[in-house]
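A.B. asks: my_file38.txt is reproduced in full below (compact mmCIF, C-alpha atoms and all ligand atoms).
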# COMPACT_ATOMS: atom_id res chain seq x y z
CA MET A 1 0.00 0.00 0.00
CA ILE A 2 1.36 3.39 -0.97
CA PRO A 3 0.46 6.45 1.12
CA VAL A 4 -0.76 9.29 -1.08
CA CYS A 5 -1.83 12.25 1.06
CA ARG A 6 -4.26 13.19 3.80
CA LEU A 7 -7.90 12.94 2.83
CA GLU A 8 -8.46 16.67 3.39
CA ASP A 9 -5.61 17.48 1.01
CA LEU A 10 -7.53 15.96 -1.92
CA PRO A 11 -10.84 17.84 -2.04
CA ALA A 12 -13.65 16.98 -4.46
CA GLY A 13 -12.71 17.73 -8.06
CA GLU A 14 -8.98 17.43 -7.42
CA SER A 15 -6.39 14.88 -8.47
CA VAL A 16 -2.87 13.97 -7.49
CA ARG A 17 -0.16 12.01 -9.27
CA ILE A 18 2.07 9.58 -7.43
CA ASP A 19 5.47 8.68 -8.81
CA THR A 20 5.17 4.94 -8.89
CA THR A 21 6.36 2.96 -11.91
CA PRO A 22 4.20 3.42 -13.87
CA PRO A 23 2.74 6.56 -12.23
CA ILE A 24 -0.76 6.46 -10.76
CA ALA A 25 -3.35 9.26 -10.64
CA VAL A 26 -5.74 9.51 -7.70
CA PHE A 27 -9.00 11.45 -8.10
CA ASN A 28 -11.66 12.72 -5.78
CA ALA A 29 -14.79 12.63 -7.94
CA ASP A 30 -17.51 14.26 -5.85
CA GLY A 31 -16.31 12.50 -2.71
CA GLU A 32 -15.54 9.12 -4.29
CA LEU A 33 -11.87 8.24 -4.55
CA TYR A 34 -10.46 6.46 -7.60
CA ALA A 35 -6.98 5.52 -8.76
CA ILE A 36 -5.99 4.71 -12.33
CA ASP A 37 -2.75 4.64 -14.29
CA ASP A 38 -1.71 8.25 -14.83
CA THR A 39 -0.43 7.76 -18.37
CA CYS A 40 -3.08 7.92 -21.07
CA SER A 41 -3.25 4.72 -23.13
CA HIS A 42 -3.29 6.79 -26.35
CA GLN A 43 -0.01 8.66 -25.97
CA ASP A 44 1.88 9.97 -22.97
CA ALA A 45 -0.35 12.59 -21.41
CA SER A 46 -0.79 12.72 -17.65
CA LEU A 47 -4.42 12.00 -16.79
CA SER A 48 -4.03 13.68 -13.40
CA GLU A 49 -3.85 16.92 -15.40
CA GLY A 50 -7.09 16.14 -17.19
CA TRP A 51 -10.61 17.35 -16.48
CA LEU A 52 -12.91 15.52 -14.13
CA GLU A 53 -16.55 15.22 -14.98
CA GLY A 54 -18.52 12.91 -12.72
CA CYS A 55 -16.79 9.53 -12.90
CA LEU A 56 -14.98 10.41 -16.11
CA VAL A 57 -11.63 12.05 -16.68
CA GLU A 58 -10.85 13.71 -19.97
CA CYS A 59 -7.28 13.48 -21.23
CA PRO A 60 -5.70 16.95 -21.51
CA LEU A 61 -3.98 16.15 -24.83
CA HIS A 62 -6.57 14.76 -27.27
CA ALA A 63 -9.69 14.61 -25.10
CA ALA A 64 -10.16 10.86 -24.85
CA SER A 65 -12.16 10.15 -21.74
CA PHE A 66 -11.83 7.27 -19.28
CA ASP A 67 -14.26 5.85 -16.77
CA LEU A 68 -12.53 6.04 -13.37
CA ARG A 69 -14.48 3.01 -12.12
CA THR A 70 -13.33 0.65 -14.85
CA GLY A 71 -10.41 2.33 -16.64
CA GLN A 72 -12.25 1.85 -19.93
CA PRO A 73 -12.06 4.60 -22.55
CA THR A 74 -15.45 6.03 -23.40
CA CYS A 75 -14.41 7.69 -26.64
CA LEU A 76 -11.62 7.86 -29.20
CA PRO A 77 -8.76 8.38 -29.72
CA ALA A 78 -7.98 6.04 -26.79
CA ARG A 79 -8.83 2.41 -27.50
CA ARG A 80 -7.11 0.56 -24.67
CA PRO A 81 -8.12 0.76 -21.01
CA VAL A 82 -5.88 2.02 -18.24
CA ARG A 83 -5.49 -0.06 -15.07
CA THR A 84 -7.53 0.75 -12.00
CA HIS A 85 -6.13 0.48 -8.48
CA GLU A 86 -7.68 -0.03 -5.08
CA VAL A 87 -7.94 3.06 -2.86
CA VAL A 88 -8.13 2.72 0.93
CA VAL A 89 -8.44 5.48 3.54
CA ALA A 90 -6.84 4.61 6.87
CA ASP A 91 -6.50 7.07 9.76
CA GLY A 92 -7.40 9.95 7.44
CA VAL A 93 -4.67 9.08 4.93
CA ILE A 94 -5.38 7.95 1.37
CA HIS A 95 -3.48 4.83 0.28
CA VAL A 96 -3.31 3.08 -3.08
CA ARG A 97 -2.77 -0.63 -3.58
CA PRO A 98 -1.32 -0.91 -7.10
CA ALA A 99 -2.92 -3.56 -9.28
CA ALA A 100 -0.83 -6.50 -10.41
CA GLN A 101 1.34 -5.66 -13.35
CA GLU A 102 0.04 -8.42 -15.64
CA ASP A 103 -3.53 -7.21 -16.12
CA THR A 104 -2.57 -4.73 -18.82
CA ALA A 105 -3.79 -6.90 -21.69
CA ALA A 106 -6.44 -5.04 -23.65
S1 LIG A 201 -2.74 11.27 -25.13
FE1 LIG A 201 -4.67 11.01 -24.19
S2 LIG A 201 -6.06 11.14 -25.84
FE2 LIG A 201 -4.12 11.34 -26.78
What is this file in structure tokens?

C.D. replies:
Amino acid sequence: MIPVCRLEDLPAGESVRIDTTPPIAVFNADGELYAIDDTCSHQDASLSEGWLEGCLVECPLHAASFDLRTGQPTCLPARRPVRTHEVVVADGVIHVRPAAQEDTAA
């Protein structure tokens, strides 16, 4: 489990990137926390810099959008999903449990 930040440091509508390999983006979507791979599956944009809309994040580079719950793209140009990761809050601190590396097959 990787500590991310205190819960109050990630208010609704915000995101944070953690420097794992590969990097992971953590989002607070209207109070629900989600973690997905930070790197867009289309090219190399950082999804933590994208725009949150409900449970979707829009890539800042070419506007593909991903469902934070599943990692699935909801529109082109992205075709492959990004991985999702478990988020746990313990003692007021957000933690991420990175998914196993092998579930990247599209
Ligand atoms: S890099 Fe994300 S849509 Fe192109």

A.B. asks: Counting all atoms listed in the file, which of A:Arg69, A:His42, A:Arg97, A:Arg83 gets nearest to ligand LIG 201 (chain A)?

C.D. replies: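 Using all atoms listed in the file, the shortest distance to ligand LIG 201 (chain A) belongs to A:His42.
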
A.B. asks: Residues within 8 Å of A:Phe27, please, as a ChimeraX atom specification. Count all atoms listed in the file; anything in the same chain fewer than 2 positions from it doesn't count.

C.D. replies: /A:10,13-16,25,29,32-35,48

A.B. asks: Give me, please, the distance in Å between atom CA of A:Asp38 and atom CA of A:Val89, quoted to one decimal.

C.D. replies: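 Separation between atom CA of A:Asp38 and atom CA of A:Val89: 19.8 Å.
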
A.B. asks: List as a Markdown table every residue of chain A that is in contact with ligand LIG 201 (chain A), defined as an atom at most 7 Å from one of its atoms (using only C-alpha atoms and all ligand atoms), together with the nearest atom pair and the distance in Å rounded to one decimal, sorted by chain and then rising number.

C.D. replies:
| residue | atom | partner | partner_atom | distance |
| --- | --- | --- | --- | --- |
| A:Cys40 | CA | A:LIG201 | FE1 | 4.7 |
| A:Ser41 | CA | A:LIG201 | FE1 | 6.5 |
| A:His42 | CA | A:LIG201 | FE2 | 4.6 |
| A:Gln43 | CA | A:LIG201 | S1 | 3.9 |
| A:Asp44 | CA | A:LIG201 | S1 | 5.3 |
| A:Ala45 | CA | A:LIG201 | S1 | 4.6 |
| A:Cys59 | CA | A:LIG201 | FE1 | 4.7 |
| A:Pro60 | CA | A:LIG201 | FE1 | 6.6 |
| A:Leu61 | CA | A:LIG201 | S1 | 5.0 |
| A:His62 | CA | A:LIG201 | S2 | 3.9 |
| A:Ala63 | CA | A:LIG201 | S2 | 5.1 |
| A:Ala64 | CA | A:LIG201 | S2 | 4.2 |
| A:Pro77 | CA | A:LIG201 | S2 | 5.5 |
| A:Ala78 | CA | A:LIG201 | S2 | 5.5 |

A.B. asks: Skipping near chain neighbours, those fewer than 6 positions away, what residues fall within 12 Å of A:Val88 using only C-alpha atoms, listed as a list in words?

C.D. replies: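 Everything that qualifies: Met1, Ile2, Pro3, Val4, Cys5, Arg6, Leu7, Val26, Glu32, Leu33, Tyr34, Ala35, Ile94, His95, Val96, Arg97 and Pro98 of chain A.
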
A.B. asks: Take the residues from that selection and write them out as a short mmCIF file (atom, residue, chain, number, x, y, z; two decimals), in the frame of the given file, keeping C-alpha atoms.

C.D. replies:
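Output below, filename result09.cif:
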data_model
loop_
_atom_site.label_atom_id
_atom_site.label_comp_id
_atom_site.auth_asym_id
_atom_site.auth_seq_id
_atom_site.Cartn_x
_atom_site.Cartn_y
_atom_site.Cartn_z
CA MET A 1 0.00 0.00 0.00
CA ILE A 2 1.36 3.39 -0.97
CA PRO A 3 0.46 6.45 1.12
CA VAL A 4 -0.76 9.29 -1.08
CA CYS A 5 -1.83 12.25 1.06
CA ARG A 6 -4.26 13.19 3.80
CA LEU A 7 -7.90 12.94 2.83
CA VAL A 26 -5.74 9.51 -7.70
CA GLU A 32 -15.54 9.12 -4.29
CA LEU A 33 -11.87 8.24 -4.55
CA TYR A 34 -10.46 6.46 -7.60
CA ALA A 35 -6.98 5.52 -8.76
CA ILE A 94 -5.38 7.95 1.37
CA HIS A 95 -3.48 4.83 0.28
CA VAL A 96 -3.31 3.08 -3.08
CA ARG A 97 -2.77 -0.63 -3.58
CA PRO A 98 -1.32 -0.91 -7.10
#

A.B. asks: Could stretch 68-84 of chain A be completed with N, CA, C and O atoms and written as a PDB file, in the frame of the given file, please?

C.D. replies:
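Saved as part_37.pdb:
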ATOM      1  N   LEU A  68     -13.411   6.277 -14.533  1.00  0.00           N
ATOM      2  CA  LEU A  68     -12.530   6.040 -13.370  1.00  0.00           C
ATOM      3  C   LEU A  68     -12.859   4.733 -12.674  1.00  0.00           C
ATOM      4  O   LEU A  68     -12.024   4.162 -11.986  1.00  0.00           O
ATOM      5  N   ARG A  69     -14.081   4.245 -12.812  1.00  0.00           N
ATOM      6  CA  ARG A  69     -14.480   3.010 -12.120  1.00  0.00           C
ATOM      7  C   ARG A  69     -13.918   1.775 -12.797  1.00  0.00           C
ATOM      8  O   ARG A  69     -13.666   0.765 -12.142  1.00  0.00           O
ATOM      9  N   THR A  70     -13.735   1.850 -14.109  1.00  0.00           N
ATOM     10  CA  THR A  70     -13.330   0.650 -14.850  1.00  0.00           C
ATOM     11  C   THR A  70     -12.014   0.825 -15.598  1.00  0.00           C
ATOM     12  O   THR A  70     -11.404  -0.167 -16.007  1.00  0.00           O
ATOM     13  N   GLY A  71     -11.591   2.062 -15.823  1.00  0.00           N
ATOM     14  CA  GLY A  71     -10.410   2.330 -16.640  1.00  0.00           C
ATOM     15  C   GLY A  71     -10.680   2.259 -18.127  1.00  0.00           C
ATOM     16  O   GLY A  71      -9.783   2.467 -18.941  1.00  0.00           O
ATOM     17  N   GLN A  72     -11.938   1.991 -18.505  1.00  0.00           N
ATOM     18  CA  GLN A  72     -12.250   1.850 -19.930  1.00  0.00           C
ATOM     19  C   GLN A  72     -12.375   3.224 -20.592  1.00  0.00           C
ATOM     20  O   GLN A  72     -12.962   4.139 -20.018  1.00  0.00           O
ATOM     21  N   PRO A  73     -11.841   3.348 -21.822  1.00  0.00           N
ATOM     22  CA  PRO A  73     -12.060   4.600 -22.550  1.00  0.00           C
ATOM     23  C   PRO A  73     -13.516   4.684 -22.991  1.00  0.00           C
ATOM     24  O   PRO A  73     -14.130   3.663 -23.314  1.00  0.00           O
ATOM     25  N   THR A  74     -14.057   5.881 -22.968  1.00  0.00           N
ATOM     26  CA  THR A  74     -15.450   6.030 -23.400  1.00  0.00           C
ATOM     27  C   THR A  74     -15.542   6.702 -24.756  1.00  0.00           C
ATOM     28  O   THR A  74     -16.640   6.852 -25.288  1.00  0.00           O
ATOM     29  N   CYS A  75     -14.395   7.139 -25.289  1.00  0.00           N
ATOM     30  CA  CYS A  75     -14.410   7.690 -26.640  1.00  0.00           C
ATOM     31  C   CYS A  75     -13.010   7.649 -27.214  1.00  0.00           C
ATOM     32  O   CYS A  75     -12.032   7.487 -26.481  1.00  0.00           O
ATOM     33  N   LEU A  76     -12.915   7.792 -28.521  1.00  0.00           N
ATOM     34  CA  LEU A  76     -11.620   7.860 -29.200  1.00  0.00           C
ATOM     35  C   LEU A  76     -10.951   9.186 -28.834  1.00  0.00           C
ATOM     36  O   LEU A  76     -11.638  10.109 -28.402  1.00  0.00           O
ATOM     37  N   PRO A  77      -9.618   9.323 -29.003  1.00  0.00           N
ATOM     38  CA  PRO A  77      -8.760   8.380 -29.720  1.00  0.00           C
ATOM     39  C   PRO A  77      -8.212   7.237 -28.867  1.00  0.00           C
ATOM     40  O   PRO A  77      -7.509   6.381 -29.404  1.00  0.00           O
ATOM     41  N   ALA A  78      -8.487   7.164 -27.587  1.00  0.00           N
ATOM     42  CA  ALA A  78      -7.980   6.040 -26.790  1.00  0.00           C
ATOM     43  C   ALA A  78      -8.812   4.795 -27.101  1.00  0.00           C
ATOM     44  O   ALA A  78     -10.039   4.873 -27.220  1.00  0.00           O
ATOM     45  N   ARG A  79      -8.140   3.668 -27.244  1.00  0.00           N
ATOM     46  CA  ARG A  79      -8.830   2.410 -27.500  1.00  0.00           C
ATOM     47  C   ARG A  79      -8.592   1.401 -26.391  1.00  0.00           C
ATOM     48  O   ARG A  79      -9.395   0.507 -26.182  1.00  0.00           O
ATOM     49  N   ARG A  80      -7.452   1.527 -25.707  1.00  0.00           N
ATOM     50  CA  ARG A  80      -7.110   0.560 -24.670  1.00  0.00           C
ATOM     51  C   ARG A  80      -7.436   1.121 -23.289  1.00  0.00           C
ATOM     52  O   ARG A  80      -7.305   2.332 -23.067  1.00  0.00           O
ATOM     53  N   PRO A  81      -7.837   0.272 -22.358  1.00  0.00           N
ATOM     54  CA  PRO A  81      -8.120   0.760 -21.010  1.00  0.00           C
ATOM     55  C   PRO A  81      -6.843   1.086 -20.258  1.00  0.00           C
ATOM     56  O   PRO A  81      -5.751   0.648 -20.638  1.00  0.00           O
ATOM     57  N   VAL A  82      -6.968   1.852 -19.206  1.00  0.00           N
ATOM     58  CA  VAL A  82      -5.880   2.020 -18.240  1.00  0.00           C
ATOM     59  C   VAL A  82      -6.232   1.150 -17.031  1.00  0.00           C
ATOM     60  O   VAL A  82      -7.401   0.796 -16.824  1.00  0.00           O
ATOM     61  N   ARG A  83      -5.223   0.786 -16.239  1.00  0.00           N
ATOM     62  CA  ARG A  83      -5.490  -0.060 -15.070  1.00  0.00           C
ATOM     63  C   ARG A  83      -6.153   0.766 -13.972  1.00  0.00           C
ATOM     64  O   ARG A  83      -5.898   1.961 -13.831  1.00  0.00           O
ATOM     65  N   THR A  84      -6.971   0.112 -13.193  1.00  0.00           N
ATOM     66  CA  THR A  84      -7.530   0.750 -12.000  1.00  0.00           C
ATOM     67  C   THR A  84      -6.836   0.141 -10.778  1.00  0.00           C
ATOM     68  O   THR A  84      -6.328  -0.980 -10.830  1.00  0.00           O
TER      69      THR A  84
END
